[in-house]
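K.L.:
Attaching a single structure in structure tokens format; questions to follow.
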Amino acid sequence: MKNKNIFGAIIFLLLNLAVLSAADFTAEQIDFYKQTLFEYENNPAPAVEQNRLDEALTGLIQFYKENRSFENAEIYAQNKINYYIEWGRGDSQIQELELNYIEILERLAVRDKKTDDAIIQKLYGYAYDAREEVSRKANAVLLKALLKTKNYGEAEILVRQNWPSPQKENFVKAIEEAQNYKGKNPKLALALSFVPGMGQFYAHQWKDGLNALVLNGALWTVSAWSVWHLNFFDFFILEMDPDYRFFRGNLYNAQKDVYIYNEAQVEEILSAVYNSL
């Protein structure tokens, strides 16, 4: 037992060391990077100091990306692009920054199943850029965001303007099919679910339907047995509330399963588009 505890302690120590080694940034480093940026903005330094500022911006962008704070990463990435332009850096360097910047914009383009208008406008700016690689990447990110948020009309216009044939025709066909897809009716699923499980079966959720049928059936059987034997105490105190709660859950889950089914069907229709981006 003692050896086992020692072995466990060693594993725990190694895991903690791995976590510590994976932490690329300390609070002191981040503060130093921000201080460097503050000093430069208030007193622009000579060219030799540009490397320090470049390092600070790179560190801040990476730190916020790793912490999934893409709003902050986007701000510093935009600052870095502006500085590179100000410093007269080469076109290839600036383009590389902008390609990375578009990747950050992709993380921000869709929020709560809606497009972020400010981010979408920035993507449109890059989508019509004269540089082919930048334009292609921005168009792909923009199209994906529009499709994910069901802005099919806008997505179709984008494809017709910026994609070559025959890909254009294939994409438009898929978008129109997704836009016209009616799907299964949640209200019908609700009505069917007054027989537990039928709504889930309607949505092709066989496991959920079977669970609802068996569980609600078992509860109703127990309740019917109590009422049949005039055991109203058990029925009203112990059984009626679970009957109601599970039946209500059955109604809710049936409609949810229909939404899930419809979303999956739309994703399947658009899968050819997504796979080509």
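Residue numbering restarts at 1 for every chain of the structure tokens, chains are lettered A, B, ... in their displayed order, and ligands are numbered from 1 as they appear.
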Give me the range 75-164 of chain A side of the contact with range 38-44 of chain A, cut-off 12 Å, one line per residue showing its nearest atom pair and distance in Å at one decimal, counting only C-alpha atoms, sorted by chain and residue number, as a Markdown table.
P.N.:
```
| residue | atom | partner | partner_atom | distance |
| --- | --- | --- | --- | --- |
| A:Asn79 | CA | A:Glu41 | CA | 10.8 |
| A:Tyr83 | CA | A:Glu41 | CA | 10.6 |
| A:Glu86 | CA | A:Pro44 | CA | 11.6 |
| A:Trp87 | CA | A:Pro44 | CA | 11.5 |
```
K.L.:
I want to know what sits within 7 Å of range 259-272 of chain A, based on only C-alpha atoms, with residues of the same chain fewer than 6 positions away left out; could you give that as a PyMOL selection string?
P.N.:
chain A and resi 174-175+178+183-184+203
K.L.:
Write to file, as a PDB file, in the first residue's frame, the residues of the selection just made, with C-alpha atoms.
P.N.:
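See result_19.pdb below for the written result:
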```
ATOM      1  CA  ALA A 174     -26.808  23.172 -51.810  1.00  0.00           C
ATOM      2  CA  ILE A 175     -27.643  26.563 -50.270  1.00  0.00           C
ATOM      3  CA  ALA A 178     -30.918  24.021 -47.263  1.00  0.00           C
ATOM      4  CA  GLY A 183     -37.980  19.555 -41.858  1.00  0.00           C
ATOM      5  CA  LYS A 184     -40.122  17.760 -39.344  1.00  0.00           C
ATOM      6  CA  ALA A 203     -37.694  12.495 -34.971  1.00  0.00           C
TER       7      ALA A 203
END
```
K.L.:
Please list as number ranges by chain every residue within 12 Å of Arg107 in chain A, counting only C-alpha atoms and excluding residues in the same chain fewer than 4 positions away.
P.N.:
A: 65, 68-74, 100-103, 111, 115-116, 119-120, 123, 141-142, 144-145
K.L.:
Which of these residues is nearest to Met198 in chain A, using only C-alpha atoms: A:Gln167, A:Thr26, A:Asn250, A:Asn67?
P.N.:
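Residue with the minimum atom-to-atom distance to Met198 in chain A: A:Asn250.
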K.L.:
Mind the document's chain letters and residue numbers, and return as number ranges by chain the residues of range 155-221 of chain A that DSSP labels alpha helix (DSSP H).
P.N.:
A: 155-162, 167-180, 186-192, 198-202, 206-221
K.L.:
Excluding Asn216 in chain A and its own-chain neighbours fewer than 2 positions away, which residues fall within 7 Å of it when counting only C-alpha atoms? Please give them as a ChimeraX atom specification.
P.N.:
/A:196,212-214,218-220,246-247
K.L.:
Go ahead and save the picked residues with C-alpha atoms, as a tab-separated table (two decimals), in the first residue's frame.
P.N.:
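After the write, result_23.tsv holds the following:
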```tsv
chain	number	residue	atom	x	y	z
A	196	PRO	CA	-44.81	8.68	-24.73
A	212	ALA	CA	-39.63	7.61	-22.86
A	213	LEU	CA	-42.03	4.79	-23.65
A	214	VAL	CA	-40.63	2.40	-21.06
A	218	ALA	CA	-43.70	1.98	-15.97
A	219	LEU	CA	-44.69	5.05	-13.94
A	220	TRP	CA	-48.23	5.02	-15.29
A	246	PHE	CA	-41.46	12.69	-16.60
A	247	PHE	CA	-44.40	13.20	-18.95
```
K.L.:
Where does DSSP see strand (DSSP E or B) in range 68-205 of chain A, if you list the residues as a PyMOL selection string?
P.N.:
chain A and resi 110-111+114-115
K.L.:
Out of A:Asp24, A:Asp31, A:Glu154, A:Glu106, which residue has the shortest atom-to-atom distance to Phe63 in chain A when counting only C-alpha atoms?
P.N.:
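The closest residue to Phe63 in chain A is A:Asp24.
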